[in-house]
Amino acid sequence: MRRVNAENPRVAGTGPDAGVLRRLAVPGGLLAAVAGAFAYVGAVDPGEPGHYPVCPLFRLTGLYCPGCGGLRSAHAFVHGDLATALTDNALAVGGYLAFAVLWAVWVIRVVRGRPARLDPGPVHLWGLGALTLVFTVVRNLPSGGWLHP
């Protein structure tokens with residue numbers, strides 16, 4: 001008796017595309033999780049009191065952390081209001097765009113069968129830390145009021 005699955009490459013899990021689909025499971029799952037989070041923040045307005053907790057650093061000290069305004073920024077970004085998103089948290093908008101680029105590069109490398117490596121060097125990590133620190137300091141200065149959420 002002949003084996004039907006061995007001769008028919010269109011059966012799920014046996015064709016040449018099965019490996020690509022299997023490798024795309026993790027990037028697809030991450031995209032689904034991020035899209036779900038953005039959909040929730042887009043549906044539940046962070047500007048309404050009682051939906052989300054207040055930043056503990058802001059509550060205790062009155063200082064804005066690098067993430068303050070991030071939820072309002074994501075809400076405006078989902079609704080296509082880029083100007084408001086940048087006003088609420090410009091660093092977060094940069095993070096959204098960086099995530100999109102890195103995710104696309106990841107998917108392209110996975111489809112081509114290459115390892116998806118993200119190996120930032122010390123210069124990149126220190127640069128990102130310095131950017132975050134400068135953003136935090138400037139947004140808390142009186143002259144950095146344009147960066148307040």
# chains A, B, ... in the order shown; residues from 1 in each chain; ligands from 1
call {"tool": "residues_around", "arguments": {"residues": "Gly67 (chain A)", "least_positions_apart": "3", "cutoff": "12 Å", "atoms": "only C-alpha atoms", "output": "short mmCIF file (atom, residue, chain, number, x, y, z; two decimals) with N, CA, C and O atoms, in the first residue's frame"}}
result
data_model
loop_
_atom_site.label_atom_id
_atom_site.label_comp_id
_atom_site.auth_asym_id
_atom_site.auth_seq_id
_atom_site.Cartn_x
_atom_site.Cartn_y
_atom_site.Cartn_z
N VAL A 54 -1.47 55.47 37.43
CA VAL A 54 -0.62 56.65 37.26
C VAL A 54 0.83 56.22 37.43
O VAL A 54 1.14 55.33 38.22
N CYS A 55 1.74 56.86 36.69
CA CYS A 55 3.17 56.56 36.81
C CYS A 55 3.61 56.78 38.25
O CYS A 55 3.41 57.86 38.81
N PRO A 56 4.24 55.78 38.89
CA PRO A 56 4.64 55.95 40.29
C PRO A 56 5.71 57.03 40.47
O PRO A 56 5.69 57.74 41.48
N LEU A 57 6.63 57.17 39.51
CA LEU A 57 7.64 58.22 39.64
C LEU A 57 7.00 59.60 39.59
O LEU A 57 7.33 60.48 40.39
N PHE A 58 6.06 59.78 38.68
CA PHE A 58 5.37 61.07 38.58
C PHE A 58 4.53 61.34 39.83
O PHE A 58 4.51 62.45 40.34
N LEU A 63 8.16 64.23 38.61
CA LEU A 63 9.04 64.19 37.45
C LEU A 63 8.51 63.20 36.42
O LEU A 63 7.95 62.16 36.76
N TYR A 64 8.73 63.54 35.14
CA TYR A 64 8.30 62.65 34.06
C TYR A 64 9.40 61.63 33.75
O TYR A 64 10.54 62.00 33.52
N GLY A 70 3.38 57.49 27.34
CA GLY A 70 3.48 56.43 26.35
C GLY A 70 2.15 55.84 25.94
O GLY A 70 1.91 55.55 24.76
N LEU A 71 1.25 55.63 26.90
CA LEU A 71 -0.07 55.08 26.56
C LEU A 71 -0.89 56.09 25.76
O LEU A 71 -1.55 55.72 24.79
N ARG A 72 -0.84 57.36 26.15
CA ARG A 72 -1.57 58.38 25.37
C ARG A 72 -0.97 58.50 23.97
O ARG A 72 -1.68 58.70 22.99
N SER A 73 0.35 58.35 23.89
CA SER A 73 1.02 58.38 22.60
C SER A 73 0.57 57.21 21.73
O SER A 73 0.30 57.38 20.54
N ALA A 74 0.50 56.02 22.32
CA ALA A 74 0.06 54.84 21.57
C ALA A 74 -1.40 55.00 21.13
O ALA A 74 -1.76 54.63 20.00
N ASP A 88 2.87 63.65 23.04
CA ASP A 88 2.72 62.87 24.28
C ASP A 88 4.01 62.15 24.67
O ASP A 88 4.37 62.13 25.84
N ASN A 89 4.69 61.54 23.71
CA ASN A 89 5.96 60.87 24.00
C ASN A 89 6.68 60.59 22.69
O ASN A 89 6.44 59.58 22.03
N ALA A 90 7.58 61.48 22.32
CA ALA A 90 8.32 61.36 21.06
C ALA A 90 9.23 60.13 21.06
O ALA A 90 9.41 59.49 20.03
N LEU A 91 9.80 59.81 22.21
CA LEU A 91 10.68 58.64 22.29
C LEU A 91 9.90 57.36 22.03
O LEU A 91 10.41 56.44 21.38
N ALA A 92 8.67 57.28 22.51
CA ALA A 92 7.84 56.10 22.28
C ALA A 92 7.51 55.94 20.80
O ALA A 92 7.54 54.83 20.27
N VAL A 93 7.21 57.05 20.12
CA VAL A 93 6.92 56.97 18.69
C VAL A 93 8.14 56.45 17.94
O VAL A 93 8.03 55.61 17.04
N GLY A 95 10.28 54.47 19.20
CA GLY A 95 10.30 53.05 19.54
C GLY A 95 9.33 52.24 18.71
O GLY A 95 9.65 51.11 18.29
N THR A 132 17.96 58.14 25.93
CA THR A 132 16.87 58.05 26.91
C THR A 132 17.12 59.00 28.08
O THR A 132 16.19 59.68 28.54
N LEU A 133 18.36 59.08 28.56
CA LEU A 133 18.69 59.97 29.66
C LEU A 133 18.51 61.44 29.26
O LEU A 133 17.91 62.22 30.01
N PHE A 135 16.62 62.62 26.87
CA PHE A 135 15.18 62.85 26.70
C PHE A 135 14.51 63.08 28.05
O PHE A 135 13.70 64.00 28.20
N THR A 136 14.86 62.26 29.03
CA THR A 136 14.25 62.38 30.36
C THR A 136 14.63 63.70 31.02
O THR A 136 13.77 64.38 31.61
N ARG A 139 12.96 66.77 29.10
CA ARG A 139 11.51 66.90 29.28
C ARG A 139 11.13 67.38 30.69
O ARG A 139 10.01 67.83 30.91
N LEU A 147 8.03 68.81 25.55
CA LEU A 147 8.13 67.36 25.63
C LEU A 147 7.27 66.77 26.76
O LEU A 147 7.27 65.56 26.95
N HIS A 148 6.55 67.63 27.49
CA HIS A 148 5.67 67.12 28.55
C HIS A 148 4.47 66.42 27.93
O HIS A 148 3.93 66.89 26.95
N PRO A 149 4.06 65.31 28.52
CA PRO A 149 2.86 64.63 27.99
C PRO A 149 1.59 65.41 28.30
O PRO A 149 1.53 66.21 29.18
#
call {"tool": "select_by_dssp", "arguments": {"residues": "region 47-121 of chain A", "states": "alpha helix (DSSP H)", "output": "VMD selection string"}}
result
chain A and resid 56 to 61 70 to 78 82 to 88 90 to 111
call {"tool": "write_last_selection", "arguments": {"atoms": "N, CA and C atoms", "output": "compact mmCIF listing (two decimals), in the first residue's frame"}}
result
# COMPACT_ATOMS: atom_id res chain seq x y z
N PRO A 56 4.24 55.78 38.89
CA PRO A 56 4.64 55.95 40.29
C PRO A 56 5.71 57.03 40.47
N LEU A 57 6.63 57.17 39.51
CA LEU A 57 7.64 58.22 39.64
C LEU A 57 7.00 59.60 39.59
N PHE A 58 6.06 59.78 38.68
CA PHE A 58 5.37 61.07 38.58
C PHE A 58 4.53 61.34 39.83
N ARG A 59 3.89 60.31 40.35
CA ARG A 59 3.06 60.48 41.55
C ARG A 59 3.89 60.85 42.76
N LEU A 60 5.07 60.24 42.91
CA LEU A 60 5.90 60.50 44.08
C LEU A 60 6.75 61.75 43.97
N THR A 61 7.25 62.06 42.76
CA THR A 61 8.21 63.16 42.63
C THR A 61 7.73 64.31 41.74
N GLY A 70 3.38 57.49 27.34
CA GLY A 70 3.48 56.43 26.35
C GLY A 70 2.15 55.84 25.94
N LEU A 71 1.25 55.63 26.90
CA LEU A 71 -0.07 55.08 26.56
C LEU A 71 -0.89 56.09 25.76
N ARG A 72 -0.84 57.36 26.15
CA ARG A 72 -1.57 58.38 25.37
C ARG A 72 -0.97 58.50 23.97
N SER A 73 0.35 58.35 23.89
CA SER A 73 1.02 58.38 22.60
C SER A 73 0.57 57.21 21.73
N ALA A 74 0.50 56.02 22.32
CA ALA A 74 0.06 54.84 21.57
C ALA A 74 -1.40 55.00 21.13
N HIS A 75 -2.24 55.57 21.99
CA HIS A 75 -3.64 55.80 21.64
C HIS A 75 -3.75 56.75 20.45
N ALA A 76 -3.00 57.83 20.49
CA ALA A 76 -3.03 58.79 19.37
C ALA A 76 -2.44 58.16 18.11
N PHE A 77 -1.40 57.35 18.25
CA PHE A 77 -0.77 56.69 17.11
C PHE A 77 -1.74 55.73 16.43
N VAL A 78 -2.48 54.98 17.23
CA VAL A 78 -3.46 54.04 16.68
C VAL A 78 -4.55 54.79 15.91
N LEU A 82 -0.50 61.59 14.46
CA LEU A 82 0.94 61.52 14.70
C LEU A 82 1.45 62.73 15.49
N ALA A 83 0.87 63.90 15.25
CA ALA A 83 1.32 65.10 15.97
C ALA A 83 1.07 64.95 17.48
N THR A 84 -0.10 64.48 17.85
CA THR A 84 -0.40 64.28 19.27
C THR A 84 0.46 63.17 19.85
N ALA A 85 0.69 62.11 19.08
CA ALA A 85 1.54 61.01 19.55
C ALA A 85 2.95 61.52 19.83
N LEU A 86 3.49 62.35 18.95
CA LEU A 86 4.82 62.91 19.17
C LEU A 86 4.85 63.85 20.37
N THR A 87 3.78 64.60 20.57
CA THR A 87 3.70 65.51 21.71
C THR A 87 3.63 64.74 23.02
N ASP A 88 2.87 63.65 23.04
CA ASP A 88 2.72 62.87 24.28
C ASP A 88 4.01 62.15 24.67
N ALA A 90 7.58 61.48 22.32
CA ALA A 90 8.32 61.36 21.06
C ALA A 90 9.23 60.13 21.06
N LEU A 91 9.80 59.81 22.21
CA LEU A 91 10.68 58.64 22.29
C LEU A 91 9.90 57.36 22.03
N ALA A 92 8.67 57.28 22.51
CA ALA A 92 7.84 56.10 22.28
C ALA A 92 7.51 55.94 20.80
N VAL A 93 7.21 57.05 20.12
CA VAL A 93 6.92 56.97 18.69
C VAL A 93 8.14 56.45 17.94
N GLY A 94 9.32 56.92 18.32
CA GLY A 94 10.55 56.38 17.74
C GLY A 94 10.69 54.89 18.00
N GLY A 95 10.28 54.47 19.20
CA GLY A 95 10.30 53.05 19.54
C GLY A 95 9.33 52.24 18.71
N TYR A 96 8.14 52.78 18.44
CA TYR A 96 7.18 52.07 17.60
C TYR A 96 7.75 51.86 16.20
N LEU A 97 8.35 52.91 15.66
CA LEU A 97 8.91 52.83 14.31
C LEU A 97 10.12 51.89 14.28
N ALA A 98 10.96 51.94 15.31
CA ALA A 98 12.11 51.04 15.38
C ALA A 98 11.65 49.58 15.48
N PHE A 99 10.60 49.33 16.26
CA PHE A 99 10.05 47.98 16.35
C PHE A 99 9.58 47.50 14.99
N ALA A 100 8.87 48.36 14.26
CA ALA A 100 8.36 47.96 12.94
C ALA A 100 9.50 47.60 11.99
N VAL A 101 10.56 48.39 11.99
CA VAL A 101 11.70 48.11 11.10
C VAL A 101 12.40 46.83 11.52
N LEU A 102 12.67 46.67 12.81
CA LEU A 102 13.36 45.47 13.29
C LEU A 102 12.52 44.22 13.06
N TRP A 103 11.20 44.31 13.22
CA TRP A 103 10.33 43.17 12.98
C TRP A 103 10.35 42.79 11.50
N ALA A 104 10.31 43.79 10.61
CA ALA A 104 10.34 43.51 9.17
C ALA A 104 11.67 42.85 8.78
N VAL A 105 12.77 43.33 9.31
CA VAL A 105 14.08 42.72 9.03
C VAL A 105 14.10 41.28 9.55
N TRP A 106 13.54 41.06 10.72
CA TRP A 106 13.46 39.72 11.31
C TRP A 106 12.69 38.79 10.38
N VAL A 107 11.53 39.21 9.92
CA VAL A 107 10.71 38.37 9.05
C VAL A 107 11.43 38.07 7.73
N ILE A 108 12.07 39.07 7.16
CA ILE A 108 12.79 38.85 5.91
C ILE A 108 13.91 37.83 6.11
N ARG A 109 14.64 37.94 7.21
CA ARG A 109 15.72 36.99 7.48
C ARG A 109 15.16 35.59 7.72
N VAL A 110 14.03 35.49 8.39
CA VAL A 110 13.42 34.17 8.65
C VAL A 110 12.98 33.54 7.34
N VAL A 111 12.35 34.31 6.46
CA VAL A 111 11.88 33.77 5.19
C VAL A 111 13.06 33.29 4.34
call {"tool": "closest_residue", "arguments": {"among": "A:Gly42, A:Pro122, A:Gly29, A:Gly62", "to": "Asn140 (chain A)", "atoms": "only C-alpha atoms"}}
result
A:Gly62
call {"tool": "atom_distance", "arguments": {"atom1": "CA of Arg23 (chain A)", "atom2": "CA of Pro115 (chain A)"}}
result
10.3 Å
call {"tool": "residues_around", "arguments": {"residues": "Tyr40 (chain A)", "least_positions_apart": "2", "cutoff": "12 Å", "atoms": "only C-alpha atoms", "output": "JSON, numbers by chain"}}
result
{"A": [33, 34, 35, 36, 37, 38, 42, 43, 44, 45, 46, 51, 52, 71, 74, 75, 78]}
call {"tool": "write_last_selection", "arguments": {"atoms": "all heavy atoms", "output": "compact mmCIF listing (two decimals), in the first residue's frame"}}
result
# COMPACT_ATOMS: atom_id res chain seq x y z
N ALA A 33 0.59 39.75 19.43
CA ALA A 33 0.56 40.29 20.80
C ALA A 33 0.66 41.81 20.80
O ALA A 33 -0.09 42.49 21.51
CB ALA A 33 1.70 39.68 21.62
N VAL A 34 1.57 42.36 20.00
CA VAL A 34 1.72 43.81 19.93
C VAL A 34 0.48 44.46 19.33
O VAL A 34 0.00 45.49 19.83
CB VAL A 34 3.00 44.19 19.14
CG1 VAL A 34 3.06 45.67 18.85
CG2 VAL A 34 4.23 43.76 19.92
N ALA A 35 -0.07 43.85 18.29
CA ALA A 35 -1.29 44.39 17.68
C ALA A 35 -2.45 44.34 18.67
O ALA A 35 -3.26 45.27 18.73
CB ALA A 35 -1.62 43.61 16.41
N GLY A 36 -2.53 43.27 19.46
CA GLY A 36 -3.58 43.19 20.47
C GLY A 36 -3.44 44.27 21.53
O GLY A 36 -4.43 44.88 21.96
N ALA A 37 -2.21 44.51 21.96
CA ALA A 37 -1.98 45.56 22.96
C ALA A 37 -2.34 46.93 22.40
O ALA A 37 -2.99 47.74 23.06
CB ALA A 37 -0.52 45.53 23.42
N PHE A 38 -1.92 47.20 21.16
CA PHE A 38 -2.25 48.48 20.54
C PHE A 38 -3.76 48.61 20.31
O PHE A 38 -4.31 49.70 20.46
CB PHE A 38 -1.48 48.67 19.23
CG PHE A 38 -0.18 49.38 19.40
CD1 PHE A 38 0.96 48.69 19.78
CD2 PHE A 38 -0.08 50.75 19.18
CE1 PHE A 38 2.17 49.34 19.94
CE2 PHE A 38 1.12 51.42 19.35
CZ PHE A 38 2.24 50.71 19.73
N GLY A 42 -5.93 51.46 21.90
CA GLY A 42 -6.70 52.28 20.97
C GLY A 42 -8.18 52.33 21.34
O GLY A 42 -8.85 53.32 21.10
N ALA A 43 -8.68 51.25 21.93
CA ALA A 43 -10.09 51.19 22.29
C ALA A 43 -10.38 51.82 23.65
O ALA A 43 -11.45 52.41 23.87
CB ALA A 43 -10.57 49.74 22.30
N VAL A 44 -9.46 51.70 24.60
CA VAL A 44 -9.65 52.22 25.96
C VAL A 44 -8.76 53.45 26.12
O VAL A 44 -7.54 53.33 26.22
CB VAL A 44 -9.31 51.14 27.01
CG1 VAL A 44 -9.52 51.68 28.40
CG2 VAL A 44 -10.13 49.89 26.78
N ASP A 45 -9.35 54.60 26.14
CA ASP A 45 -8.63 55.87 26.15
C ASP A 45 -7.86 56.06 27.44
O ASP A 45 -8.44 56.08 28.53
CB ASP A 45 -9.62 57.02 25.95
CG ASP A 45 -8.95 58.37 25.79
OD1 ASP A 45 -7.72 58.41 25.67
OD2 ASP A 45 -9.68 59.38 25.77
N PRO A 46 -6.52 56.22 27.37
CA PRO A 46 -5.74 56.46 28.58
C PRO A 46 -5.97 57.84 29.18
O PRO A 46 -5.61 58.07 30.33
CB PRO A 46 -4.29 56.34 28.12
CG PRO A 46 -4.32 55.84 26.73
CD PRO A 46 -5.68 56.04 26.20
N HIS A 51 -8.75 54.12 34.09
CA HIS A 51 -8.50 52.96 33.24
C HIS A 51 -7.10 52.39 33.41
O HIS A 51 -6.90 51.19 33.29
CB HIS A 51 -8.71 53.32 31.76
CG HIS A 51 -10.13 53.61 31.42
ND1 HIS A 51 -11.11 52.66 31.47
CD2 HIS A 51 -10.74 54.75 31.02
CE1 HIS A 51 -12.27 53.19 31.11
NE2 HIS A 51 -12.07 54.46 30.84
N TYR A 52 -6.13 53.24 33.66
CA TYR A 52 -4.73 52.81 33.77
C TYR A 52 -4.14 53.44 35.03
O TYR A 52 -4.54 54.52 35.44
CB TYR A 52 -3.92 53.27 32.56
CG TYR A 52 -4.42 52.72 31.25
CD1 TYR A 52 -5.23 53.48 30.42
CD2 TYR A 52 -4.06 51.44 30.84
CE1 TYR A 52 -5.68 52.97 29.21
CE2 TYR A 52 -4.51 50.93 29.63
CZ TYR A 52 -5.32 51.70 28.82
OH TYR A 52 -5.77 51.19 27.63
N LEU A 71 1.25 55.63 26.90
CA LEU A 71 -0.07 55.08 26.56
C LEU A 71 -0.89 56.09 25.76
O LEU A 71 -1.55 55.72 24.79
CB LEU A 71 -0.82 54.66 27.83
CG LEU A 71 -0.30 53.41 28.53
CD1 LEU A 71 -1.05 53.20 29.84
CD2 LEU A 71 -0.45 52.21 27.64
N ALA A 74 0.50 56.02 22.32
CA ALA A 74 0.06 54.84 21.57
C ALA A 74 -1.40 55.00 21.13
O ALA A 74 -1.76 54.63 20.00
CB ALA A 74 0.21 53.58 22.42
N HIS A 75 -2.24 55.57 21.99
CA HIS A 75 -3.64 55.80 21.64
C HIS A 75 -3.75 56.75 20.45
O HIS A 75 -4.49 56.48 19.49
CB HIS A 75 -4.39 56.36 22.86
CG HIS A 75 -5.84 56.60 22.62
ND1 HIS A 75 -6.77 55.60 22.62
CD2 HIS A 75 -6.53 57.75 22.37
CE1 HIS A 75 -7.96 56.10 22.38
NE2 HIS A 75 -7.84 57.40 22.23
N VAL A 78 -2.48 54.98 17.23
CA VAL A 78 -3.46 54.04 16.68
C VAL A 78 -4.55 54.79 15.91
O VAL A 78 -5.02 54.33 14.87
CB VAL A 78 -4.09 53.19 17.81
CG1 VAL A 78 -5.33 52.45 17.35
CG2 VAL A 78 -3.07 52.21 18.35
call {"tool": "atom_distance", "arguments": {"atom1": "CA of Ala39 (chain A)", "atom2": "CA of Pro66 (chain A)"}}
result
22.3 Å
